[in-house]
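Shown below: query_27.csv, with CSV, C-alpha atoms.
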chain,number,residue,atom,x,y,z
W,216,MET,CA,227.7,69.9,89.9
W,217,SER,CA,226.7,72.9,91.8
W,218,ILE,CA,228.2,73.5,95.2
W,219,ALA,CA,224.8,74.2,96.6
W,220,VAL,CA,223.7,70.6,95.8
W,221,TYR,CA,226.7,69.2,97.7
W,222,ILE,CA,226.0,71.5,100.6
W,223,ALA,CA,222.3,70.5,100.7
W,224,VAL,CA,223.1,66.7,100.6
W,225,MET,CA,225.8,67.2,103.3
W,226,ALA,CA,223.5,69.2,105.6
W,227,GLY,CA,220.5,66.8,105.0
W,228,VAL,CA,222.4,63.7,106.0
W,229,THR,CA,224.0,65.4,109.0
W,230,TYR,CA,220.6,66.7,110.2
W,231,LEU,CA,218.8,63.3,109.9
W,232,ILE,CA,221.6,61.6,111.9
W,233,ARG,CA,221.0,64.1,114.7
W,234,MET,CA,217.2,64.4,114.4
W,235,ILE,CA,216.0,60.8,114.2
W,236,PRO,CA,217.2,59.5,117.7
W,237,LEU,CA,216.3,62.8,119.4
W,238,THR,CA,212.8,62.8,118.0
W,239,ALA,CA,212.0,59.1,118.0
W,240,VAL,CA,213.0,58.2,121.5
W,241,ARG,CA,210.3,59.7,123.7
W,242,GLY,CA,210.0,57.7,126.8
W,243,LYS,CA,212.6,56.9,129.5
W,244,ILE,CA,214.6,53.9,128.7
W,245,LYS,CA,213.9,51.1,131.2
W,246,SER,CA,216.8,48.7,130.9
W,247,ARG,CA,219.3,49.3,133.6
W,248,PHE,CA,222.1,48.2,131.4
W,249,LEU,CA,221.1,50.7,128.6
W,250,LYS,CA,220.6,53.5,131.1
W,251,SER,CA,224.0,52.9,132.6
W,252,MET,CA,225.5,52.8,129.1
W,253,LEU,CA,224.0,56.0,128.1
W,254,MET,CA,225.1,57.6,131.3
W,255,TYR,CA,228.7,56.6,130.7
W,256,MET,CA,228.6,57.3,127.0
W,257,PRO,CA,229.4,61.1,127.2
W,258,TYR,CA,232.5,60.5,129.3
W,259,ALA,CA,233.7,57.6,127.1
W,260,VAL,CA,233.1,59.6,123.9
W,261,LEU,CA,234.8,62.8,125.2
W,262,SER,CA,237.8,61.0,126.5
W,263,ALA,CA,238.2,59.1,123.3
W,264,MET,CA,238.0,62.3,121.3
W,265,THR,CA,240.5,64.0,123.5
W,266,PHE,CA,243.1,61.3,123.6
W,267,PRO,CA,245.4,61.0,121.7
W,268,ALA,CA,244.1,63.9,119.5
W,269,ILE,CA,245.1,66.6,122.0
W,270,PHE,CA,248.8,65.8,121.6
W,271,TYR,CA,248.5,66.7,117.9
W,272,SER,CA,246.3,69.8,118.3
W,273,THR,CA,249.0,72.5,118.4
W,274,GLY,CA,251.4,71.1,115.8
W,275,ASN,CA,254.0,70.4,118.4
W,276,THR,CA,253.8,67.5,120.8
W,277,LEU,CA,255.6,69.2,123.6
W,278,THR,CA,253.5,72.4,123.8
W,279,ALA,CA,250.4,70.2,123.5
W,280,ALA,CA,251.5,67.9,126.3
W,281,VAL,CA,252.2,70.9,128.6
W,282,GLY,CA,248.7,72.3,127.7
W,283,ALA,CA,247.1,68.9,128.3
W,284,ALA,CA,248.9,68.6,131.7
W,285,ALA,CA,247.7,72.1,132.6
W,286,ALA,CA,244.1,71.3,131.7
W,287,LEU,CA,244.2,68.0,133.7
W,288,LEU,CA,245.6,69.8,136.8
W,289,LEU,CA,243.2,72.7,136.7
W,290,ALA,CA,240.2,70.5,135.9
W,291,TYR,CA,241.2,68.3,138.9
W,292,LEU,CA,241.2,71.4,141.0
W,293,GLY,CA,237.6,72.1,139.8
W,294,LEU,CA,238.1,75.3,137.9
W,295,PRO,CA,235.3,76.4,135.5
W,296,LEU,CA,235.4,75.2,131.8
W,297,ILE,CA,236.4,78.5,130.3
W,298,ALA,CA,239.3,78.9,132.8
W,299,VAL,CA,240.6,75.4,132.1
W,300,ALA,CA,240.3,75.9,128.3
W,301,LEU,CA,242.0,79.3,128.2
W,302,SER,CA,244.8,78.3,130.6
W,303,ALA,CA,245.5,75.2,128.7
W,304,SER,CA,245.9,77.2,125.5
W,305,ALA,CA,248.0,79.8,127.3
W,306,ALA,CA,250.3,77.1,128.8
W,307,ALA,CA,250.9,75.7,125.3
W,308,TYR,CA,251.5,79.2,123.9
W,309,ILE,CA,254.0,80.1,126.6
W,310,THR,CA,255.8,76.8,126.2
W,311,GLY,CA,256.1,77.6,122.5
W,312,LEU,CA,257.6,81.0,123.3
W,313,ILE,CA,260.1,79.4,125.7
W,314,MET,CA,261.1,76.8,123.2
W,315,GLN,CA,261.7,79.5,120.6
W,316,SER,CA,263.9,81.5,122.9
W,317,LEU,CA,266.1,78.5,123.8
C,43,MET,CA,211.8,81.3,132.8
C,44,LYS,CA,212.5,81.0,129.0
C,45,LYS,CA,214.7,84.1,129.2
C,46,GLN,CA,216.5,82.8,132.2
C,47,HIS,CA,217.2,79.4,130.6
C,48,PHE,CA,218.2,81.0,127.3
C,49,GLY,CA,220.6,83.3,129.1
C,50,LYS,CA,222.1,80.4,131.1
C,51,GLY,CA,222.6,78.5,127.8
C,52,LEU,CA,224.3,81.5,126.2
C,53,ILE,CA,226.7,81.8,129.2
C,54,HIS,CA,227.4,78.0,129.2
C,55,GLY,CA,228.2,78.3,125.5
C,56,ILE,CA,230.9,80.9,125.8
C,57,PRO,CA,233.8,78.4,126.0
C,58,ILE,CA,232.3,76.7,122.9
C,59,PHE,CA,232.1,80.0,121.1
C,60,LEU,CA,235.7,80.7,121.8
C,61,GLY,CA,236.8,77.2,120.8
C,62,TYR,CA,234.7,77.2,117.7
C,63,LEU,CA,236.0,80.6,116.7
C,64,SER,CA,239.5,79.2,116.5
C,65,VAL,CA,238.7,75.8,115.0
C,66,SER,CA,236.4,77.2,112.3
C,67,PHE,CA,239.0,79.8,111.5
C,68,GLY,CA,241.1,76.9,110.3
C,69,PHE,CA,238.1,75.5,108.4
C,70,GLY,CA,237.6,78.8,106.7
C,71,ILE,CA,241.2,78.9,105.5
C,72,MET,CA,240.9,75.3,104.3
C,73,ALA,CA,237.6,75.9,102.4
C,74,VAL,CA,239.0,78.8,100.5
C,75,ARG,CA,242.0,76.8,99.5
C,76,ALA,CA,239.7,74.1,98.3
C,77,GLY,CA,238.1,76.6,95.9
C,78,LEU,CA,235.0,77.7,97.8
C,79,SER,CA,234.0,81.4,98.1
C,80,VAL,CA,233.7,83.1,101.5
C,81,PHE,CA,229.9,82.9,101.2
C,82,GLU,CA,230.0,79.2,100.3
C,83,ALA,CA,232.3,78.4,103.3
C,84,PHE,CA,229.9,80.3,105.5
C,85,ALA,CA,226.9,78.3,104.1
C,86,VAL,CA,228.7,75.0,104.8
C,87,SER,CA,229.3,76.0,108.4
C,88,LEU,CA,225.8,77.4,108.9
C,89,PHE,CA,224.0,74.3,107.6
C,90,ASN,CA,226.3,71.6,109.0
C,91,LEU,CA,227.8,72.8,112.2
C,92,THR,CA,230.3,70.0,112.4
C,93,SER,CA,234.1,70.0,112.1
C,94,ALA,CA,235.3,66.7,110.7
C,95,GLY,CA,232.3,66.2,108.5
C,96,GLN,CA,232.8,69.6,106.9
C,97,ALA,CA,236.5,69.1,106.4
C,98,ALA,CA,235.7,65.8,104.6
C,99,GLY,CA,232.8,67.4,102.7
C,100,VAL,CA,234.9,70.2,101.3
C,101,GLY,CA,237.6,67.7,100.3
C,102,ILE,CA,234.9,65.9,98.3
C,103,ILE,CA,233.6,69.1,96.7
C,104,ALA,CA,237.2,70.1,95.8
C,105,ALA,CA,237.8,66.7,94.2
C,106,GLY,CA,234.5,66.8,92.3
C,107,GLY,CA,233.4,63.6,94.1
C,108,SER,CA,230.0,61.9,93.8
C,109,LEU,CA,227.0,62.6,96.0
C,110,THR,CA,227.1,58.9,97.1
C,111,GLU,CA,230.6,59.5,98.4
C,112,MET,CA,229.3,62.6,100.2
C,113,VAL,CA,226.5,60.7,101.8
C,114,LEU,CA,228.7,57.9,102.9
C,115,ALA,CA,231.4,60.2,104.3
C,116,GLN,CA,228.9,62.2,106.3
C,117,LEU,CA,227.2,59.0,107.6
C,118,THR,CA,230.4,57.5,108.8
C,119,ILE,CA,232.0,60.6,110.2
C,120,ASN,CA,228.8,62.0,111.8
C,121,LEU,CA,227.1,58.8,112.9
C,122,ARG,CA,228.4,59.5,116.4
C,123,TYR,CA,225.9,62.3,116.7
C,124,SER,CA,223.1,59.7,116.7
C,125,LEU,CA,224.6,58.2,119.9
C,126,MET,CA,224.7,61.7,121.4
C,127,SER,CA,221.2,62.4,120.4
C,128,LEU,CA,220.1,59.1,121.9
C,129,SER,CA,221.9,59.9,125.2
C,130,LEU,CA,220.5,63.5,125.2
C,131,SER,CA,216.9,62.2,124.5
C,132,GLN,CA,217.0,61.0,128.1
C,133,LYS,CA,217.9,64.4,129.5
C,134,LEU,CA,215.2,66.5,127.8
C,135,ASP,CA,212.5,67.9,130.1
C,136,LYS,CA,208.8,67.5,129.4
C,137,THR,CA,208.5,70.9,127.6
C,138,PHE,CA,210.6,69.4,124.9
C,139,THR,CA,207.8,68.8,122.3
C,140,THR,CA,208.4,67.5,118.8
C,141,PRO,CA,208.9,70.9,117.2
C,142,HIS,CA,211.4,71.8,119.8
C,143,ARG,CA,213.1,68.4,119.3
C,144,LEU,CA,213.2,69.0,115.5
C,145,ALA,CA,214.7,72.4,116.1
C,146,ALA,CA,217.3,71.5,118.7
C,147,SER,CA,218.4,68.5,116.6
C,148,TYR,CA,220.2,71.0,114.4
C,149,GLY,CA,222.7,71.8,117.1
C,150,ILE,CA,223.8,68.4,118.5
C,151,THR,CA,227.6,68.7,118.2
C,152,ASP,CA,230.3,67.1,120.3
C,153,GLU,CA,230.8,70.2,122.4
C,154,ILE,CA,227.1,71.2,122.8
C,155,PHE,CA,226.3,67.6,123.7
C,156,ALA,CA,229.1,67.7,126.3
C,157,VAL,CA,228.0,70.9,128.0
C,158,ALA,CA,224.3,69.8,128.0
C,159,SER,CA,225.2,66.4,129.4
C,160,ALA,CA,227.2,67.9,132.2
C,161,GLN,CA,224.0,69.6,133.5
C,162,GLU,CA,222.3,68.3,136.6
C,163,GLY,CA,218.9,66.8,135.8
C,164,THR,CA,217.0,67.7,132.7
C,165,VAL,CA,217.5,70.5,130.1
C,166,THR,CA,214.9,72.8,128.6
C,167,PRO,CA,214.5,73.8,124.9
C,168,TRP,CA,215.5,77.4,125.6
C,169,TYR,CA,218.6,76.4,127.4
C,170,MET,CA,219.6,74.3,124.4
C,171,TYR,CA,218.8,77.2,122.0
C,172,GLY,CA,221.1,79.5,124.1
C,173,ILE,CA,224.1,77.1,123.8
C,174,ILE,CA,223.3,76.4,120.1
C,175,LEU,CA,222.9,80.1,119.1
C,176,ILE,CA,226.2,81.3,120.6
C,177,SER,CA,228.1,78.3,119.4
C,178,THR,CA,226.7,78.7,115.8
C,179,VAL,CA,227.6,82.4,115.8
C,180,GLY,CA,231.2,81.4,116.9
C,181,TRP,CA,231.4,78.7,114.3
C,182,CYS,CA,230.1,80.9,111.4
C,183,LEU,CA,232.1,84.0,112.4
C,184,GLY,CA,235.3,82.0,112.7
C,185,THR,CA,234.7,80.4,109.3
C,186,VAL,CA,234.1,83.8,107.6
C,187,LEU,CA,237.1,85.4,109.3
C,188,GLY,CA,239.3,82.4,108.4
C,189,ALA,CA,238.1,82.4,104.8
C,190,ALA,CA,238.4,86.1,104.4
C,191,ALA,CA,241.5,86.9,106.4
C,192,GLY,CA,243.3,83.6,107.1
C,193,GLY,CA,247.0,83.9,107.7
C,194,LEU,CA,246.7,87.2,109.4
C,195,LEU,CA,246.9,85.6,112.9
C,196,PRO,CA,250.4,84.7,114.2
C,197,PRO,CA,250.7,80.9,113.8
C,198,ALA,CA,251.9,80.5,117.4
C,199,VAL,CA,248.5,81.9,118.5
C,200,SER,CA,246.3,79.8,116.2
C,201,ASP,CA,248.3,76.7,117.1
C,202,ALA,CA,247.8,77.2,120.8
C,203,MET,CA,244.1,77.9,120.2
C,204,GLY,CA,243.8,74.4,118.7
C,205,LEU,CA,244.0,73.1,122.2
C,206,MET,CA,241.0,75.0,123.5
C,207,LEU,CA,238.2,72.5,122.8
C,208,TYR,CA,240.2,69.6,124.2
C,209,GLY,CA,240.9,71.6,127.3
C,210,MET,CA,237.1,72.1,127.6
C,211,PHE,CA,236.5,68.3,127.2
C,212,ILE,CA,239.0,67.6,130.0
C,213,ALA,CA,237.3,70.1,132.3
C,214,ILE,CA,234.0,68.3,131.7
C,215,ILE,CA,235.2,64.7,132.3
C,216,ILE,CA,237.6,65.1,135.2
C,217,PRO,CA,235.4,66.5,138.0
C,218,PRO,CA,232.8,63.6,137.8
C,219,ALA,CA,235.6,61.1,137.4
C,220,LYS,CA,237.0,62.2,140.8
C,221,LYS,CA,233.6,61.4,142.4
C,222,GLU,CA,232.6,58.2,140.6
C,223,ARG,CA,234.6,55.1,139.9
C,224,GLY,CA,232.5,54.2,136.9
C,225,VAL,CA,233.1,57.6,135.2
C,226,LEU,CA,236.8,57.3,136.0
C,227,ALA,CA,236.8,53.9,134.3
C,228,ALA,CA,235.0,55.3,131.3
C,229,VAL,CA,237.5,58.1,131.0
C,230,ILE,CA,240.5,55.8,131.3
C,231,ILE,CA,239.2,53.0,129.0
C,232,GLY,CA,237.9,55.5,126.4
C,233,ALA,CA,241.3,57.2,126.2
C,234,ALA,CA,243.2,53.9,126.1
C,235,LEU,CA,241.0,52.3,123.5
C,236,SER,CA,241.1,55.4,121.3
C,237,THR,CA,244.9,55.7,121.6
C,238,ALA,CA,245.2,52.0,120.7
C,239,LEU,CA,243.0,52.4,117.6
C,240,TYR,CA,244.8,55.5,116.6
C,241,TYR,CA,248.2,53.8,116.4
C,242,LEU,CA,247.2,50.2,115.7
C,243,ALA,CA,244.4,50.7,113.2
C,244,PRO,CA,245.1,54.1,111.5
C,245,PHE,CA,242.7,53.2,108.6
C,246,ILE,CA,239.7,53.7,110.9
C,247,THR,CA,238.5,57.3,110.5
C,248,SER,CA,238.2,59.4,113.6
C,249,GLY,CA,234.4,59.5,113.5
C,250,PHE,CA,234.2,55.7,113.5
C,251,SER,CA,236.9,55.4,116.1
C,252,VAL,CA,234.9,57.7,118.4
C,253,MET,CA,231.8,55.5,117.9
C,254,ILE,CA,233.6,52.2,118.6
C,255,CYS,CA,235.3,53.6,121.7
C,256,GLY,CA,232.1,55.1,123.0
C,257,ILE,CA,230.0,52.0,122.6
C,258,VAL,CA,232.6,49.5,123.8
C,259,THR,CA,233.7,51.6,126.8
C,260,ALA,CA,230.2,52.5,127.9
C,261,ALA,CA,229.1,48.9,127.6
C,262,LEU,CA,232.0,47.7,129.7
C,263,CYS,CA,231.4,50.3,132.3
C,264,ALA,CA,227.7,49.6,132.4
C,265,LEU,CA,228.5,45.9,133.0
C,266,ILE,CA,231.1,46.5,135.7
C,267,PHE,CA,229.5,49.6,137.3
C,268,PRO,CA,225.8,49.5,136.7
C,269,LYS,CA,224.0,52.6,137.9
C,270,ASN,CA,221.6,52.1,140.7
C,271,ASP,CA,218.5,54.2,140.0
C,272,GLY,CA,216.8,53.2,143.2
C,273,THR,CA,214.0,51.2,141.7
C,274,GLU,CA,215.8,47.9,141.5
C,275,ALA,CA,217.9,45.9,143.8
C,276,GLU,CA,221.7,46.5,143.5
C,277,SER,CA,222.2,42.8,142.9
C,278,GLY,CA,219.6,42.6,140.2
C,279,GLY,CA,222.2,42.3,137.5
C,280,GLU,CA,220.7,42.5,134.0
C,281,SER,CA,217.4,44.2,134.2
C,282,LYS,CA,214.4,44.3,132.0
Using structure tokens, write down the structure from this file.
Amino acid sequence: MSIAVYIAVMAGVTYLIRMIPLTAVRGKIKSRFLKSMLMYMPYAVLSAMTFPAIFYSTGNTLTAAVGAAAALLLAYLGLPLIAVALSASAAAYITGLIMQSL
Amino acid sequence: MKKQHFGKGLIHGIPIFLGYLSVSFGFGIMAVRAGLSVFEAFAVSLFNLTSAGQAAGVGIIAAGGSLTEMVLAQLTINLRYSLMSLSLSQKLDKTFTTPHRLAASYGITDEIFAVASAQEGTVTPWYMYGIILISTVGWCLGTVLGAAAGGLLPPAVSDAMGLMLYGMFIAIIIPPAKKERGVLAAVIIGAALSTALYYLAPFITSGFSVMICGIVTAALCALIFPKNDGTEAESGGESK
């Protein structure tokens, strides 16, 4: 089978999944429960995607844990997204260097 | 106004651009190993704009799998986007007409959704296009670089870059969790549930796990900490 067919099917399914709810739901949802749920959804989803996956994101649990701790601390202090993201990576990188030199 | 919103979206998309550049670099390397050309890898990234779904898709292509398998894999891994779209449908401003919705649907990813959700109030089409454009450029550029020149980057650097997107997620969820008990509960329960599923039910794919955790956690938090939107009494309980 041609790779183009695979790619078209893949892209079509993925697009429909994203498009249908965004296009079909026009009004404001009235139910307080549903509204609350949708309000909490992003935080629940992002937190579930981050933990425990972050600890496996660098190939070494220790460097990843240091990076995660740095991210938590800097986010708690209210630093901008990009600063938190870059510092977390830098912390993991530096931890890796230190581990190698030991 | 359009330009202003577009520019704001571009700037808000910079962390996503950097994160995608590193993540898709890995995808590019993987795609070439699976037998795709650099151009095919680029096409997959351009038309799908999703990490786990693409990784699974390329695996199916490499194994010569059926189209049914492809449809099912994409459905289960990417179904979480429909939750995000549903949530985002409540944040779109009134200039978001059907054509704009059809266009912006292309770019609902975990990260773009996260950044758009973190905005106060509503979001406009051009703001979304700004984030989507810069993110897509990062995703496709990283794919091409990875496919064409993978292995040139020192592993220590690419390993550390793997943390970037998670760092961004943390920066999104922590500040509101400091302010609101309900959000703090969502963050803690979401993390705990996801960790439990990861170790206790490893047969559940990551896409499914995210959906289960998202729905269960958000429902629990909505029950315990219902949001008061001002139109109903606090003690109203379940509303219509």
So that I can check the surroundings of stretch 314-317 of chain W, please list as an mmCIF file with C-alpha atoms, in the coordinates of the input every protein, DNA and RNA residue that reaches within 12 Å of it, counting only C-alpha atoms and ignoring chain neighbours fewer than 6 positions away.
data_model
loop_
_atom_site.group_PDB
_atom_site.id
_atom_site.type_symbol
_atom_site.label_atom_id
_atom_site.label_comp_id
_atom_site.auth_asym_id
_atom_site.auth_seq_id
_atom_site.Cartn_x
_atom_site.Cartn_y
_atom_site.Cartn_z
ATOM 1 C CA ASN W 275 254.000 70.400 118.400
ATOM 2 C CA LEU W 277 255.600 69.200 123.600
ATOM 3 C CA THR W 278 253.500 72.400 123.800
ATOM 4 C CA VAL W 281 252.200 70.900 128.600
ATOM 5 C CA ALA W 307 250.900 75.700 125.300
ATOM 6 C CA TYR W 308 251.500 79.200 123.900
ATOM 7 C CA ALA C 198 251.900 80.500 117.400
#
Open item on the list: Ranking C:Gly49, C:Gly149, C:Gly256, C:Gly61 by minimum distance to C:Gly232 and counting only C-alpha atoms, which one comes first?
Closed with: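 Nearest to C:Gly232: C:Gly256.
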TODO: In the coordinate frame of the file, compute which residues have an atom within 12 Å of (233.2, 49.3, 131.6) when using only C-alpha atoms, and state them as a VMD selection string.
DONE: (chain W and resid 248 251 to 256 258 to 259) or (chain C and resid 223 to 232 235 255 to 269)
Residues of stretch 108-195 of chain C within 10 Å of stretch 225-246 of chain W: nearest atom pair and distance (Å, one decimal) for each, counting all atoms listed in the file, sorted by chain and number, as CSV?
residue,atom,partner,partner_atom,distance
C:Leu109,CA,W:Met225,CA,8.7
C:Met112,CA,W:Met225,CA,6.6
C:Val113,CA,W:Val228,CA,6.6
C:Leu114,CA,W:Val228,CA,9.1
C:Ala115,CA,W:Met225,CA,9.0
C:Gln116,CA,W:Thr229,CA,6.4
C:Leu117,CA,W:Val228,CA,6.9
C:Ile119,CA,W:Thr229,CA,9.4
C:Asn120,CA,W:Thr229,CA,6.5
C:Leu121,CA,W:Ile232,CA,6.3
C:Arg122,CA,W:Ile232,CA,8.4
C:Tyr123,CA,W:Arg233,CA,5.6
C:Ser124,CA,W:Arg233,CA,5.3
C:Leu125,CA,W:Pro236,CA,7.8
C:Met126,CA,W:Arg233,CA,8.0
C:Ser127,CA,W:Leu237,CA,5.0
C:Leu128,CA,W:Pro236,CA,5.1
C:Ser129,CA,W:Leu237,CA,8.6
C:Leu130,CA,W:Leu237,CA,7.2
C:Ser131,CA,W:Leu237,CA,5.2
C:Gln132,CA,W:Lys243,CA,6.2
C:Lys133,CA,W:Lys243,CA,9.2
C:Leu134,CA,W:Leu237,CA,9.2
C:Lys136,CA,W:Arg241,CA,9.8
C:Phe138,CA,W:Arg241,CA,9.8
C:Thr139,CA,W:Thr238,CA,8.9
C:Thr140,CA,W:Thr238,CA,6.5
C:Pro141,CA,W:Thr238,CA,9.0
C:His142,CA,W:Thr238,CA,9.3
C:Arg143,CA,W:Thr238,CA,5.8
C:Leu144,CA,W:Met234,CA,6.2
C:Ala145,CA,W:Met234,CA,8.6
C:Ala146,CA,W:Met234,CA,8.3
C:Ser147,CA,W:Met234,CA,4.8
C:Tyr148,CA,W:Tyr230,CA,6.0
C:Gly149,CA,W:Arg233,CA,8.2
C:Ile150,CA,W:Arg233,CA,6.4
C:Thr151,CA,W:Arg233,CA,8.8
Could you write those residues out with C-alpha atoms, as a CSV table (one decimal), in the frame of the given file?
chain,number,residue,atom,x,y,z
C,109,LEU,CA,227.0,62.6,96.0
C,112,MET,CA,229.3,62.6,100.2
C,113,VAL,CA,226.5,60.7,101.8
C,114,LEU,CA,228.7,57.9,102.9
C,115,ALA,CA,231.4,60.2,104.3
C,116,GLN,CA,228.9,62.2,106.3
C,117,LEU,CA,227.2,59.0,107.6
C,119,ILE,CA,232.0,60.6,110.2
C,120,ASN,CA,228.8,62.0,111.8
C,121,LEU,CA,227.1,58.8,112.9
C,122,ARG,CA,228.4,59.5,116.4
C,123,TYR,CA,225.9,62.3,116.7
C,124,SER,CA,223.1,59.7,116.7
C,125,LEU,CA,224.6,58.2,119.9
C,126,MET,CA,224.7,61.7,121.4
C,127,SER,CA,221.2,62.4,120.4
C,128,LEU,CA,220.1,59.1,121.9
C,129,SER,CA,221.9,59.9,125.2
C,130,LEU,CA,220.5,63.5,125.2
C,131,SER,CA,216.9,62.2,124.5
C,132,GLN,CA,217.0,61.0,128.1
C,133,LYS,CA,217.9,64.4,129.5
C,134,LEU,CA,215.2,66.5,127.8
C,136,LYS,CA,208.8,67.5,129.4
C,138,PHE,CA,210.6,69.4,124.9
C,139,THR,CA,207.8,68.8,122.3
C,140,THR,CA,208.4,67.5,118.8
C,141,PRO,CA,208.9,70.9,117.2
C,142,HIS,CA,211.4,71.8,119.8
C,143,ARG,CA,213.1,68.4,119.3
C,144,LEU,CA,213.2,69.0,115.5
C,145,ALA,CA,214.7,72.4,116.1
C,146,ALA,CA,217.3,71.5,118.7
C,147,SER,CA,218.4,68.5,116.6
C,148,TYR,CA,220.2,71.0,114.4
C,149,GLY,CA,222.7,71.8,117.1
C,150,ILE,CA,223.8,68.4,118.5
C,151,THR,CA,227.6,68.7,118.2
TODO: Quick one: pull the distance between atom CA of W:Ala306 and atom CA of W:Gly282, Å, one decimal.
DONE: 5.2 Å
- [ ] Quote the spacing between atom CA of W:Ala298 and atom CA of W:Ala284 in Å to one decimal place.
- [x]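 Separation of atom CA of W:Ala298 and atom CA of W:Ala284: 14.1 Å.
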Open item on the list: I'd like the neighbourhood of C:Thr185 as a ChimeraX atom specification, where a residue qualifies if any of its atoms comes within 7 Å (using all atoms listed in the file), though same-chain residues fewer than 2 positions away should be ignored.
Closed with: /C:66-67,69-70,83-84,181-183,187-189
Open item on the list: Calculated over only C-alpha atoms, which of the candidates C:Pro57, C:Tyr169, C:Val65, C:Leu195 has the smallest distance to chain W?
Closed with: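 Between C:Pro57, C:Tyr169, C:Val65, C:Leu195, the residue approaching chain W most closely is C:Pro57.
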Task: Length of the atom CA of W:Ser302 to atom CA of C:Thr237 vector [Å] - done: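 Interatomic distance here is 24.3 Å.
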Would you mind listing, for every residue of stretch 192-241 of chain C within 9 Å of stretch 285-290 of chain W, the two atoms forming the shortest contact and the distance between them in Å to one decimal, using only C-alpha atoms, sorted by chain and ascending residue number, as a Markdown table?
| residue | atom | partner | partner_atom | distance |
| --- | --- | --- | --- | --- |
| C:Tyr208 | CA | W:Ala286 | CA | 8.6 |
| C:Gly209 | CA | W:Ala286 | CA | 5.4 |
| C:Met210 | CA | W:Ala286 | CA | 8.2 |
| C:Ile212 | CA | W:Leu287 | CA | 6.4 |
| C:Ala213 | CA | W:Ala290 | CA | 4.6 |
| C:Ile214 | CA | W:Ala290 | CA | 7.8 |
| C:Ile215 | CA | W:Ala290 | CA | 8.5 |
| C:Ile216 | CA | W:Ala290 | CA | 6.0 |
| C:Pro217 | CA | W:Ala290 | CA | 6.6 |
Open item on the list: With only C-alpha atoms as the counted atoms, please give the residues lying no more than 12 Å from C:Thr247, apart from itself and same-chain residues fewer than 2 positions off, as an NGL selection string.
Closed with: (:W and (264)) or (:C and (94-95 or 98 or 115-122 or 236 or 239-241 or 243-245 or 249-254))
Task: Closest of W:Leu292, W:Ala283, W:Ile313, W:Ala223 to W:Ile269 - atom-to-atom distances counting all atoms listed in the file - done: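 Checking each candidate against W:Ile269, we get W:Ala283 as the closest.
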TODO: Please identify all polymer residues within 7 Å of W:Leu261, counting only C-alpha atoms, omitting same-chain residues fewer than 4 positions from it, and present them as a PyMOL selection string.
DONE: (chain W and resi 257+265) or (chain C and resi 211)
